[in-house]
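Listing of final_14.cif; format and content: mmCIF, C-alpha atoms and all ligand atoms.
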data_coords
#
loop_
_atom_site.label_atom_id
_atom_site.label_comp_id
_atom_site.auth_asym_id
_atom_site.auth_seq_id
_atom_site.Cartn_x
_atom_site.Cartn_y
_atom_site.Cartn_z
CA MET A 1 -12.58 27.16 -3.08
CA ALA A 2 -10.12 24.92 -1.27
CA ALA A 3 -10.42 21.16 -1.65
CA GLU A 4 -11.86 18.77 0.88
CA ILE A 5 -9.00 17.07 2.71
CA ILE A 6 -9.36 13.29 2.66
CA ASP A 7 -8.22 12.29 6.13
CA GLY A 8 -6.29 9.07 5.57
CA LYS A 9 -5.26 8.90 9.19
CA ALA A 10 -8.87 8.90 10.41
CA PHE A 11 -9.95 6.58 7.61
CA ALA A 12 -7.16 4.16 8.53
CA ALA A 13 -8.27 4.22 12.16
CA SER A 14 -11.78 3.21 11.06
CA VAL A 15 -10.37 0.39 8.92
CA ARG A 16 -8.31 -0.85 11.88
CA GLU A 17 -11.40 -0.70 14.06
CA LYS A 18 -13.27 -2.93 11.58
CA VAL A 19 -10.29 -5.29 11.44
CA GLY A 20 -10.08 -5.39 15.24
CA ALA A 21 -13.77 -6.21 15.61
CA GLN A 22 -13.57 -9.06 13.09
CA VAL A 23 -10.36 -10.39 14.67
CA ALA A 24 -12.14 -10.49 18.02
CA THR A 25 -14.94 -12.53 16.44
CA LEU A 26 -12.44 -14.94 14.88
CA VAL A 27 -10.74 -15.46 18.23
CA GLN A 28 -14.02 -15.90 20.08
CA ASP A 29 -15.96 -18.06 17.64
CA HIS A 30 -13.16 -20.04 16.02
CA GLY A 31 -10.15 -19.82 18.35
CA LEU A 32 -8.19 -18.29 15.46
CA THR A 33 -5.68 -15.46 15.80
CA PRO A 34 -4.46 -13.99 12.50
CA GLY A 35 -0.66 -13.86 12.41
CA LEU A 36 1.60 -11.53 10.41
CA ALA A 37 5.33 -12.05 9.88
CA VAL A 38 7.50 -9.18 8.66
CA VAL A 39 10.97 -9.89 7.36
CA LEU A 40 13.39 -6.97 7.29
CA LEU A 41 16.93 -7.14 5.91
CA GLY A 42 19.41 -4.38 6.68
CA ASP A 43 18.38 -0.85 7.62
CA ASP A 44 16.67 0.91 4.71
CA PRO A 45 15.22 4.14 6.20
CA ALA A 46 11.81 3.98 4.42
CA SER A 47 11.34 0.42 5.68
CA GLN A 48 12.28 1.48 9.22
CA VAL A 49 9.51 4.11 9.22
CA TYR A 50 7.06 1.50 8.05
CA VAL A 51 8.04 -1.25 10.50
CA ARG A 52 7.92 1.10 13.48
CA ASN A 53 4.19 1.78 13.16
CA LYS A 54 3.27 -1.61 11.83
CA GLY A 55 4.24 -3.98 14.66
CA LYS A 56 2.39 -1.81 17.16
CA GLN A 57 -0.77 -1.60 15.05
CA THR A 58 -0.77 -5.33 14.37
CA ARG A 59 -0.89 -6.04 18.11
CA GLU A 60 -3.46 -3.28 18.69
CA VAL A 61 -5.99 -5.06 16.45
CA GLY A 62 -5.41 -8.29 18.37
CA MET A 63 -3.25 -10.08 15.84
CA HIS A 64 -0.12 -12.11 16.36
CA SER A 65 2.95 -10.16 15.16
CA VAL A 66 6.38 -11.62 14.39
CA GLU A 67 9.39 -9.66 13.21
CA HIS A 68 12.47 -11.21 11.62
CA ARG A 69 15.33 -8.73 11.44
CA LEU A 70 18.19 -10.17 9.46
CA PRO A 71 21.57 -8.72 8.53
CA GLU A 72 21.94 -6.94 5.20
CA SER A 73 24.39 -9.71 4.16
CA THR A 74 21.86 -12.57 4.54
CA SER A 75 22.21 -15.12 1.74
CA GLU A 76 19.43 -15.97 -0.67
CA GLU A 77 19.51 -19.53 0.61
CA ASP A 78 18.95 -18.45 4.23
CA LEU A 79 16.18 -16.05 3.29
CA LEU A 80 14.41 -18.73 1.24
CA LYS A 81 14.72 -21.14 4.17
CA LEU A 82 13.02 -18.62 6.46
CA ILE A 83 10.23 -18.02 3.92
CA ASP A 84 9.72 -21.77 3.61
CA ALA A 85 9.42 -22.07 7.40
CA LEU A 86 6.87 -19.21 7.49
CA ASN A 87 4.94 -20.74 4.56
CA ASN A 88 4.59 -23.91 6.64
CA ASP A 89 3.84 -22.20 9.97
CA PRO A 90 0.09 -22.53 10.71
CA ALA A 91 0.21 -19.56 13.13
CA ILE A 92 1.30 -17.25 10.28
CA HIS A 93 -1.33 -16.12 7.75
CA GLY A 94 0.53 -13.17 6.24
CA ILE A 95 4.17 -12.77 5.20
CA LEU A 96 5.71 -9.45 4.20
CA VAL A 97 9.30 -9.17 3.03
CA GLN A 98 10.32 -5.52 3.22
CA LEU A 99 11.43 -4.00 -0.05
CA PRO A 100 13.80 -2.90 -1.41
CA LEU A 101 15.99 -5.94 -0.76
CA PRO A 102 19.80 -5.63 -0.73
CA GLU A 103 21.44 -5.63 -4.18
CA HIS A 104 22.74 -9.21 -4.00
CA LEU A 105 19.24 -10.68 -3.72
CA ASN A 106 16.79 -11.34 -6.54
CA SER A 107 13.56 -9.81 -5.25
CA ASP A 108 11.36 -11.47 -7.89
CA LEU A 109 12.66 -14.86 -6.84
CA VAL A 110 12.23 -14.08 -3.13
CA ILE A 111 8.68 -12.71 -3.52
CA ASN A 112 7.62 -15.65 -5.64
CA ALA A 113 8.84 -18.04 -2.94
CA ILE A 114 6.10 -16.76 -0.61
CA ASP A 115 2.93 -18.88 -0.53
CA PRO A 116 0.53 -16.74 -2.65
CA ALA A 117 -2.19 -17.31 -0.03
CA LYS A 118 0.08 -15.64 2.56
CA ASP A 119 1.34 -12.90 0.24
CA VAL A 120 -0.33 -9.97 2.02
CA ASP A 121 1.62 -7.48 -0.15
CA GLY A 122 -0.03 -8.96 -3.25
CA PHE A 123 3.29 -8.94 -5.10
CA HIS A 124 3.49 -12.67 -5.97
CA ILE A 125 3.17 -13.33 -9.69
CA SER A 126 0.03 -15.44 -9.05
CA ASN A 127 -1.69 -12.59 -7.25
CA VAL A 128 -0.64 -10.12 -9.96
CA GLY A 129 -2.17 -12.42 -12.58
CA LEU A 130 -5.35 -12.98 -10.58
CA LEU A 131 -5.83 -9.22 -10.11
CA GLY A 132 -5.14 -8.59 -13.79
CA THR A 133 -7.85 -11.05 -14.79
CA GLY A 134 -10.37 -9.85 -12.22
CA GLN A 135 -10.16 -12.93 -10.02
CA LYS A 136 -10.03 -13.09 -6.24
CA SER A 137 -6.47 -12.33 -5.09
CA MET A 138 -4.42 -10.62 -2.43
CA VAL A 139 -4.43 -6.94 -3.46
CA PRO A 140 -1.38 -4.68 -2.85
CA CYS A 141 -1.93 -2.57 0.28
CA THR A 142 -1.26 0.94 -1.05
CA PRO A 143 -3.55 0.69 -4.11
CA LEU A 144 -6.22 -1.02 -1.97
CA GLY A 145 -6.09 1.86 0.50
CA CYS A 146 -6.38 4.40 -2.32
CA LEU A 147 -9.37 2.52 -3.76
CA MET A 148 -11.14 2.48 -0.38
CA MET A 149 -10.75 6.25 -0.02
CA LEU A 150 -11.91 6.88 -3.60
CA ARG A 151 -14.99 4.68 -3.21
CA ASP A 152 -15.84 6.35 0.06
CA TYR A 153 -15.58 9.84 -1.44
CA HIS A 154 -17.20 9.19 -4.84
CA GLY A 155 -19.54 6.30 -4.25
CA SER A 156 -19.33 4.92 -7.80
CA LEU A 157 -16.16 5.44 -9.85
CA SER A 158 -17.83 4.22 -13.03
CA GLY A 159 -16.93 6.21 -16.14
CA LEU A 160 -14.51 8.58 -14.41
CA ASN A 161 -11.20 9.44 -16.09
CA ALA A 162 -8.37 8.24 -13.86
CA VAL A 163 -4.73 9.08 -14.53
CA VAL A 164 -2.13 7.07 -12.64
CA VAL A 165 1.24 8.81 -12.73
CA GLY A 166 3.84 6.09 -12.15
CA ARG A 167 4.10 2.55 -13.48
CA SER A 168 5.64 0.60 -10.61
CA ASN A 169 4.66 -2.99 -9.87
CA ILE A 170 3.83 -2.08 -6.27
CA VAL A 171 1.56 0.92 -6.90
CA GLY A 172 1.01 2.17 -10.46
CA LYS A 173 0.16 -1.06 -12.24
CA PRO A 174 -2.08 -2.64 -9.57
CA MET A 175 -3.78 0.75 -8.99
CA ALA A 176 -4.64 0.89 -12.69
CA GLN A 177 -6.10 -2.64 -12.52
CA LEU A 178 -8.29 -1.76 -9.54
CA LEU A 179 -9.57 1.44 -11.17
CA LEU A 180 -10.32 -0.50 -14.35
CA GLY A 181 -12.19 -3.03 -12.19
CA ASP A 182 -14.34 -0.16 -10.94
CA SER A 183 -15.01 0.91 -14.57
CA CYS A 184 -12.80 3.99 -14.70
CA THR A 185 -11.20 5.01 -17.98
CA VAL A 186 -7.58 4.54 -16.99
CA THR A 187 -4.40 6.16 -18.29
CA ILE A 188 -1.00 5.16 -16.93
CA ALA A 189 1.45 8.03 -17.34
CA HIS A 190 5.16 8.01 -16.53
CA SER A 191 8.47 9.78 -17.04
CA ARG A 192 8.34 9.38 -20.83
CA THR A 193 4.74 10.50 -21.24
CA LYS A 194 4.42 13.34 -23.77
CA ASP A 195 2.84 16.50 -22.40
CA LEU A 196 2.17 15.12 -18.92
CA PRO A 197 0.45 18.35 -17.76
CA SER A 198 -2.30 18.00 -20.36
CA VAL A 199 -2.71 14.28 -19.62
CA VAL A 200 -3.14 15.04 -15.91
CA ARG A 201 -5.51 17.90 -16.75
CA GLY A 202 -7.90 15.38 -18.32
CA ALA A 203 -8.26 13.43 -15.07
CA ASP A 204 -11.21 13.33 -12.70
CA ILE A 205 -8.96 11.22 -10.47
CA VAL A 206 -5.19 11.73 -10.24
CA ILE A 207 -3.06 9.08 -8.53
CA ALA A 208 0.43 10.49 -8.00
CA ALA A 209 2.91 7.66 -7.53
CA VAL A 210 6.16 8.71 -9.12
CA GLY A 211 8.39 9.17 -6.10
CA ARG A 212 9.46 12.71 -7.05
CA PRO A 213 8.85 15.37 -4.42
CA GLN A 214 6.13 17.90 -5.31
CA MET A 215 6.37 17.11 -9.01
CA ILE A 216 2.70 17.73 -9.81
CA PRO A 217 1.63 21.36 -9.32
CA GLY A 218 -1.93 22.66 -8.93
CA ALA A 219 -1.69 24.15 -12.41
CA TRP A 220 -1.88 20.62 -13.86
CA ILE A 221 -5.00 19.64 -11.92
CA LYS A 222 -8.49 19.88 -13.43
CA PRO A 223 -10.66 22.03 -11.15
CA GLY A 224 -12.67 19.77 -8.84
CA ALA A 225 -10.57 16.64 -9.49
CA THR A 226 -9.77 14.13 -6.75
CA VAL A 227 -6.05 13.91 -6.02
CA ILE A 228 -4.56 10.88 -4.26
CA ASP A 229 -0.92 11.51 -3.34
CA VAL A 230 1.01 8.27 -2.85
CA GLY A 231 4.43 9.93 -2.59
CA ILE A 232 6.31 9.93 0.70
CA ASN A 233 9.47 11.98 0.18
CA ARG A 234 11.73 13.36 2.87
CA ILE A 235 13.14 16.76 1.88
CA PRO A 236 15.47 19.15 3.78
CA LYS A 237 14.03 22.19 5.53
CA GLU A 238 15.82 25.53 6.01
CA ASP A 239 16.57 24.71 9.65
CA GLY A 240 18.56 21.59 8.70
CA LYS A 241 15.76 19.19 9.69
CA THR A 242 13.62 17.31 7.17
CA ARG A 243 9.93 17.15 6.35
CA LEU A 244 7.69 14.74 4.47
CA VAL A 245 6.13 15.84 1.19
CA GLY A 246 4.18 13.99 -1.47
CA ASP A 247 4.53 13.83 -5.24
CA VAL A 248 1.95 16.63 -5.47
CA GLU A 249 2.63 20.27 -4.67
CA PHE A 250 0.00 20.38 -1.96
CA ASP A 251 -0.29 24.14 -1.42
CA SER A 252 -1.16 24.86 -5.05
CA ALA A 253 -3.15 21.66 -5.66
CA VAL A 254 -5.43 22.15 -2.65
CA GLU A 255 -6.69 25.39 -4.25
CA VAL A 256 -7.81 23.62 -7.44
CA ALA A 257 -8.75 20.05 -6.50
CA GLY A 258 -12.17 18.97 -5.27
CA ALA A 259 -10.56 16.60 -2.76
CA ILE A 260 -6.97 15.74 -1.90
CA THR A 261 -5.02 13.44 0.43
CA PRO A 262 -2.32 15.09 2.55
CA VAL A 263 1.22 13.83 3.22
CA PRO A 264 1.71 12.76 5.93
CA GLY A 265 -1.68 11.53 7.08
CA GLY A 266 -3.06 10.36 3.73
CA VAL A 267 -2.16 7.20 1.87
CA GLY A 268 0.62 6.09 4.27
CA PRO A 269 -1.58 5.17 7.23
CA MET A 270 -4.04 3.46 4.86
CA THR A 271 -1.24 1.24 3.54
CA ILE A 272 -0.62 -0.16 7.00
CA ALA A 273 -4.35 -0.51 7.75
CA CYS A 274 -4.77 -2.48 4.52
CA LEU A 275 -1.87 -4.74 5.45
CA LEU A 276 -3.82 -5.67 8.58
CA ALA A 277 -7.00 -6.07 6.51
CA ASN A 278 -5.17 -8.38 4.08
CA THR A 279 -3.81 -10.47 6.95
CA LEU A 280 -7.34 -10.91 8.27
CA THR A 281 -8.56 -11.80 4.76
CA ALA A 282 -5.76 -14.36 4.36
CA CYS A 283 -6.64 -15.94 7.71
CA CYS A 284 -10.34 -16.20 6.80
CA ARG A 285 -9.58 -17.75 3.40
CA ALA A 286 -7.06 -20.19 4.87
CA ASN A 287 -9.78 -21.45 7.21
CA GLY A 288 -12.64 -21.56 4.74
CA LEU A 289 -14.47 -18.72 6.46
CA PRO A 290 -16.40 -15.92 4.71
CA GLU A 291 -14.44 -12.89 3.48
CA PRO A 292 -14.17 -10.04 5.99
CA GLU A 293 -16.77 -7.35 5.41
CA GLY A 294 -15.83 -4.04 3.79
CA LEU A 295 -12.12 -4.81 3.76
CA THR A 296 -11.48 -6.35 0.35
CA ALA A 297 -11.39 -4.97 -3.19
N1 LIG A 301 7.09 -5.27 1.08
C1 LIG A 301 6.90 -3.98 1.34
N2 LIG A 301 5.65 -3.50 1.44
C2 LIG A 301 5.43 -2.16 1.73
O1 LIG A 301 4.25 -1.73 1.80
C3 LIG A 301 6.56 -1.31 1.96
C4 LIG A 301 7.84 -1.89 1.86
N3 LIG A 301 7.97 -3.19 1.52
N4 LIG A 301 8.95 -1.15 2.06
C5 LIG A 301 8.87 0.23 2.52
C6 LIG A 301 7.63 0.90 2.01
C7 LIG A 301 7.28 2.18 2.75
N5 LIG A 301 5.94 1.99 3.27
C8 LIG A 301 5.27 2.92 4.07
C9 LIG A 301 3.99 2.71 4.55
C10 LIG A 301 3.35 3.62 5.38
C11 LIG A 301 3.98 4.81 5.74
C12 LIG A 301 3.29 5.78 6.63
O2 LIG A 301 2.37 5.44 7.36
N6 LIG A 301 3.69 7.05 6.60
C13 LIG A 301 3.15 8.13 7.44
C14 LIG A 301 4.25 9.04 7.91
C15 LIG A 301 5.24 8.42 8.84
C16 LIG A 301 6.28 9.45 9.26
O3 LIG A 301 5.90 10.41 9.95
O4 LIG A 301 7.44 9.29 8.88
C17 LIG A 301 2.20 9.00 6.67
O5 LIG A 301 2.28 9.04 5.43
O6 LIG A 301 1.39 9.69 7.29
C18 LIG A 301 5.25 5.05 5.25
C19 LIG A 301 5.88 4.13 4.42
C20 LIG A 301 5.53 0.71 2.97
N7 LIG A 301 6.46 0.05 2.27
#
What would the structure in this file look like if it were written as C-alpha cells?
Amino acid sequence: MAAEIIDGKAFAASVREKVGAQVATLVQDHGLTPGLAVVLLGDDPASQVYVRNKGKQTREVGMHSVEHRLPESTSEEDLLKLIDALNNDPAIHGILVQLPLPEHLNSDLVINAIDPAKDVDGFHISNVGLLGTGQKSMVPCTPLGCLMMLRDYHGSLSGLNAVVVGRSNIVGKPMAQLLLGDSCTVTIAHSRTKDLPSVVRGADIVIAAVGRPQMIPGAWIKPGATVIDVGINRIPKEDGKTRLVGDVEFDSAVEVAGAITPVPGGVGPMTIACLLANTLTACCRANGLPEPEGLTA
C-alpha cells in the first residue's frame, strides 16, 4: 500500500497562519512588529530560490522584512559592520545571513557575530550549545520543521528508532539533538557509514539530509517507516529543463514507507515557515512576552 504523503506545503501554510495570528496580537496589544533582516552576498542559486519566497511570506504574516543584497566581493569588515548595526537595531528581531558565504569569508566568524537572541537560523555557537544541552535556544529552521511534521504525524516519538543520514551543522546534527530530545533512539549515518542500507532498514524514522539526488531507494526503507526528505536537488530532465528531486528515490520509497514528504512541497516550505516562527519567538523573548504557542521545539 502506498504511503501517506505528508503535505509540507499545507502544513507550512497552517504554521504561517498561526504566526500571522500571533503577529497581529503583538501589533494590537503591544505595538510590536517582528522584523526579519536577510543578508545575501553574491548570487548563489539555492539562496536565490529561498530569498524569493521568503520576503513575500514575511510580509504576508505582517512582519517587517529587510533585505541586504551585497556584492560577492564584500569584505569581512563591511559584513561585520552590517551585522553589528542589525544587532543594535531595535526594529530587527531576526537576522539571517544566507549560506554558503563566498570563499574569502569565514562563515563561523560571521555567524558568531550575530546576537544569539537574533540568530533565527540557530547556527550561533551559543544556540548550538543550548540545544545540545536541552536548554531554550533558537532552533535551526529545517530540523524544527521536520520535528513539527513528525510530531503531528506520530503524536509521541518516544522510543522510535530514528536514523539521520547526513551530519551537517545545519540539518543532521541539530535534527539528531531534537529527536533525542523527543526520546528517539538516534543514529547519525553519513558517507563513511558501513552498510548504510541495513542501518536505514532499522529506522522507524528516516531523515534524509545528504544532498545527493535520489540516493536512498525504497529497498532500504523498513515497511511502514516515516521518511522525511530534506534534499532539494536540481537535476536535468530529458527535455533540457531541470526538476527538483530529494535525497530519497520517491517513486520506490512511496511504495514501502508508511508516510513520506515529497520534494518539492515537503520540508522546503516548512523551513521558511519556521524562519517566520523563529522571528516571532525572538521578538517575544526580546520583549519579555510569553513564547508563541505551538511554534517552538
Ligand atoms: N542561512 C541560511 N539559512 C537557510 O535556511 C538557507 C540558506 N542559508 N541558504 C540556502 C538554503 C536553501 N534553503 C531553502 C529553503 C526552502 C526552499 C523551498 O521552499 N523549496 C521549495 C521549492 C522551491 C522551488 O520550486 O524551487 C520546496 O521544496 O517545495 C528551498 C531552499 C534555505 N537555505
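In terms of minimum interatomic distance to ligand LIG 301 (chain A), A:Leu275 ranks closest within A:Leu144, A:Leu275, A:Val254, A:Ile205, counting only C-alpha atoms and all ligand atoms.
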Find the residues of chain A that sit at most 10 Å from ligand LIG 301 (chain A); for each, write down the nearest two atoms and how far apart they are in Å, to one decimal. Count all atoms listed in the file. Sort by chain, then by number going up, and give it as JSON lines.
{"residue": "A:Gly8", "atom": "CA", "partner": "A:LIG301", "partner_atom": "O6", "distance": 7.9}
{"residue": "A:Lys9", "atom": "CA", "partner": "A:LIG301", "partner_atom": "O6", "distance": 7.0}
{"residue": "A:Ala12", "atom": "CA", "partner": "A:LIG301", "partner_atom": "O2", "distance": 9.7}
{"residue": "A:Val38", "atom": "CA", "partner": "A:LIG301", "partner_atom": "N1", "distance": 8.5}
{"residue": "A:Val39", "atom": "CA", "partner": "A:LIG301", "partner_atom": "N1", "distance": 8.7}
{"residue": "A:Leu40", "atom": "CA", "partner": "A:LIG301", "partner_atom": "N3", "distance": 8.8}
{"residue": "A:Asp44", "atom": "CA", "partner": "A:LIG301", "partner_atom": "C5", "distance": 8.1}
{"residue": "A:Pro45", "atom": "CA", "partner": "A:LIG301", "partner_atom": "C5", "distance": 8.3}
{"residue": "A:Ala46", "atom": "CA", "partner": "A:LIG301", "partner_atom": "C5", "distance": 5.1}
{"residue": "A:Ser47", "atom": "CA", "partner": "A:LIG301", "partner_atom": "C5", "distance": 4.0}
{"residue": "A:Gln48", "atom": "CA", "partner": "A:LIG301", "partner_atom": "C5", "distance": 7.6}
{"residue": "A:Val49", "atom": "CA", "partner": "A:LIG301", "partner_atom": "O4", "distance": 5.6}
{"residue": "A:Tyr50", "atom": "CA", "partner": "A:LIG301", "partner_atom": "C8", "distance": 4.6}
{"residue": "A:Val51", "atom": "CA", "partner": "A:LIG301", "partner_atom": "C8", "distance": 8.1}
{"residue": "A:Arg52", "atom": "CA", "partner": "A:LIG301", "partner_atom": "C15", "distance": 9.1}
{"residue": "A:Asn53", "atom": "CA", "partner": "A:LIG301", "partner_atom": "O2", "distance": 7.1}
{"residue": "A:Lys54", "atom": "CA", "partner": "A:LIG301", "partner_atom": "C10", "distance": 8.3}
{"residue": "A:Ile95", "atom": "CA", "partner": "A:LIG301", "partner_atom": "N1", "distance": 9.0}
{"residue": "A:Leu96", "atom": "CA", "partner": "A:LIG301", "partner_atom": "N1", "distance": 5.4}
{"residue": "A:Val97", "atom": "CA", "partner": "A:LIG301", "partner_atom": "N1", "distance": 4.9}
{"residue": "A:Gln98", "atom": "CA", "partner": "A:LIG301", "partner_atom": "N3", "distance": 3.7}
{"residue": "A:Leu99", "atom": "CA", "partner": "A:LIG301", "partner_atom": "N3", "distance": 3.9}
{"residue": "A:Pro100", "atom": "CA", "partner": "A:LIG301", "partner_atom": "N4", "distance": 6.2}
{"residue": "A:Leu101", "atom": "CA", "partner": "A:LIG301", "partner_atom": "N3", "distance": 8.8}
{"residue": "A:Ile111", "atom": "CA", "partner": "A:LIG301", "partner_atom": "N1", "distance": 8.9}
{"residue": "A:Asp119", "atom": "CA", "partner": "A:LIG301", "partner_atom": "N1", "distance": 9.6}
{"residue": "A:Val120", "atom": "CA", "partner": "A:LIG301", "partner_atom": "N2", "distance": 8.8}
{"residue": "A:Asp121", "atom": "CA", "partner": "A:LIG301", "partner_atom": "N2", "distance": 5.9}
{"residue": "A:Gly122", "atom": "CA", "partner": "A:LIG301", "partner_atom": "N1", "distance": 9.1}
{"residue": "A:Phe123", "atom": "CA", "partner": "A:LIG301", "partner_atom": "N1", "distance": 8.1}
{"residue": "A:Pro140", "atom": "CA", "partner": "A:LIG301", "partner_atom": "O1", "distance": 7.9}
{"residue": "A:Cys141", "atom": "CA", "partner": "A:LIG301", "partner_atom": "O1", "distance": 6.4}
{"residue": "A:Thr142", "atom": "CA", "partner": "A:LIG301", "partner_atom": "O1", "distance": 6.8}
{"residue": "A:Ile170", "atom": "CA", "partner": "A:LIG301", "partner_atom": "N2", "distance": 8.0}
{"residue": "A:Val171", "atom": "CA", "partner": "A:LIG301", "partner_atom": "O1", "distance": 9.5}
{"residue": "A:Asp229", "atom": "CA", "partner": "A:LIG301", "partner_atom": "O5", "distance": 9.7}
{"residue": "A:Val230", "atom": "CA", "partner": "A:LIG301", "partner_atom": "O5", "distance": 8.4}
{"residue": "A:Gly231", "atom": "CA", "partner": "A:LIG301", "partner_atom": "O5", "distance": 8.4}
{"residue": "A:Ile232", "atom": "CA", "partner": "A:LIG301", "partner_atom": "O5", "distance": 6.3}
{"residue": "A:Asn233", "atom": "CA", "partner": "A:LIG301", "partner_atom": "O4", "distance": 9.3}
{"residue": "A:Arg234", "atom": "CA", "partner": "A:LIG301", "partner_atom": "O4", "distance": 8.4}
{"residue": "A:Arg243", "atom": "CA", "partner": "A:LIG301", "partner_atom": "O4", "distance": 8.6}
{"residue": "A:Leu244", "atom": "CA", "partner": "A:LIG301", "partner_atom": "O4", "distance": 7.0}
{"residue": "A:Val245", "atom": "CA", "partner": "A:LIG301", "partner_atom": "O5", "distance": 8.9}
{"residue": "A:Gly246", "atom": "CA", "partner": "A:LIG301", "partner_atom": "O5", "distance": 8.7}
{"residue": "A:Thr261", "atom": "CA", "partner": "A:LIG301", "partner_atom": "O5", "distance": 9.9}
{"residue": "A:Pro262", "atom": "CA", "partner": "A:LIG301", "partner_atom": "O6", "distance": 8.1}
{"residue": "A:Val263", "atom": "CA", "partner": "A:LIG301", "partner_atom": "O5", "distance": 5.4}
{"residue": "A:Pro264", "atom": "CA", "partner": "A:LIG301", "partner_atom": "O6", "distance": 3.4}
{"residue": "A:Gly265", "atom": "CA", "partner": "A:LIG301", "partner_atom": "O6", "distance": 3.6}
{"residue": "A:Gly266", "atom": "CA", "partner": "A:LIG301", "partner_atom": "O6", "distance": 5.7}
{"residue": "A:Val267", "atom": "CA", "partner": "A:LIG301", "partner_atom": "O5", "distance": 6.0}
{"residue": "A:Gly268", "atom": "CA", "partner": "A:LIG301", "partner_atom": "C12", "distance": 3.6}
{"residue": "A:Pro269", "atom": "CA", "partner": "A:LIG301", "partner_atom": "O2", "distance": 4.0}
{"residue": "A:Met270", "atom": "CA", "partner": "A:LIG301", "partner_atom": "O2", "distance": 7.2}
{"residue": "A:Thr271", "atom": "CA", "partner": "A:LIG301", "partner_atom": "C10", "distance": 5.5}
{"residue": "A:Ile272", "atom": "CA", "partner": "A:LIG301", "partner_atom": "C10", "distance": 5.7}
{"residue": "A:Ala273", "atom": "CA", "partner": "A:LIG301", "partner_atom": "O2", "distance": 9.0}
{"residue": "A:Cys274", "atom": "CA", "partner": "A:LIG301", "partner_atom": "O1", "distance": 9.5}
{"residue": "A:Leu275", "atom": "CA", "partner": "A:LIG301", "partner_atom": "O1", "distance": 7.7}
Atom CA of Ser126 of chain A to atom CA of Met138 of chain A, distance in Å rounded to a single decimal: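 Between these atoms lies a distance of 9.3 Å.
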Take the point (-3.9, -11.8, -12.4) as written in the file and pick out every residue within 12 Å of it, counting all atoms listed in the file; give the list as an MDAnalysis selection string. chainID A and resid 116 122:139 173:174 177:178
Any idea what's packed within 8 Å of Thr279 of chain A, counting all atoms listed in the file, ignoring anything in its chain fewer than 3 positions away? Could you give it as a PyMOL selection string? chain A and resi 34-36+93-94+118+120+275-276+282-283
Find the distance between atom CA of Lys222 of chain A and atom CA of Phe11 of chain A and write it in Å to one decimal.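 Going from atom CA of Lys222 of chain A over to atom CA of Phe11 of chain A, I get 24.9 Å.
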If we count only C-alpha atoms and set the cut-off at 7 Å, which residues sit around segment 290-292 of chain A, ignoring sequence neighbours fewer than 4 positions away in its own chain? Please answer as an MDAnalysis selection string. chainID A and resid 281 284:285
For Leu147 of chain A, work out the shell of residues within 8 Å, counting only C-alpha atoms and skipping chain neighbours fewer than 2 positions away, then give it as a PyMOL selection string. chain A and resi 143-145+149-151+175+178-179+297
Step by step: start from the point (18.1, -2.4, 3.7) in the file's coordinates, keep every protein, DNA or RNA residue that has an atom no farther than 6 Å from it, count only C-alpha atoms, and write the set as a PyMOL selection string. chain A and resi 41-44+102
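Atom pair atom CA of Ser183 of chain A / atom CA of Ser14 of chain A has a distance of 25.9 Å (rounded to one decimal).
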Pick from A:Ala113, A:Ser65, A:Asp251, A:Gly55: nearest to Leu82 of chain A, with all atoms listed in the file counted? A:Ala113
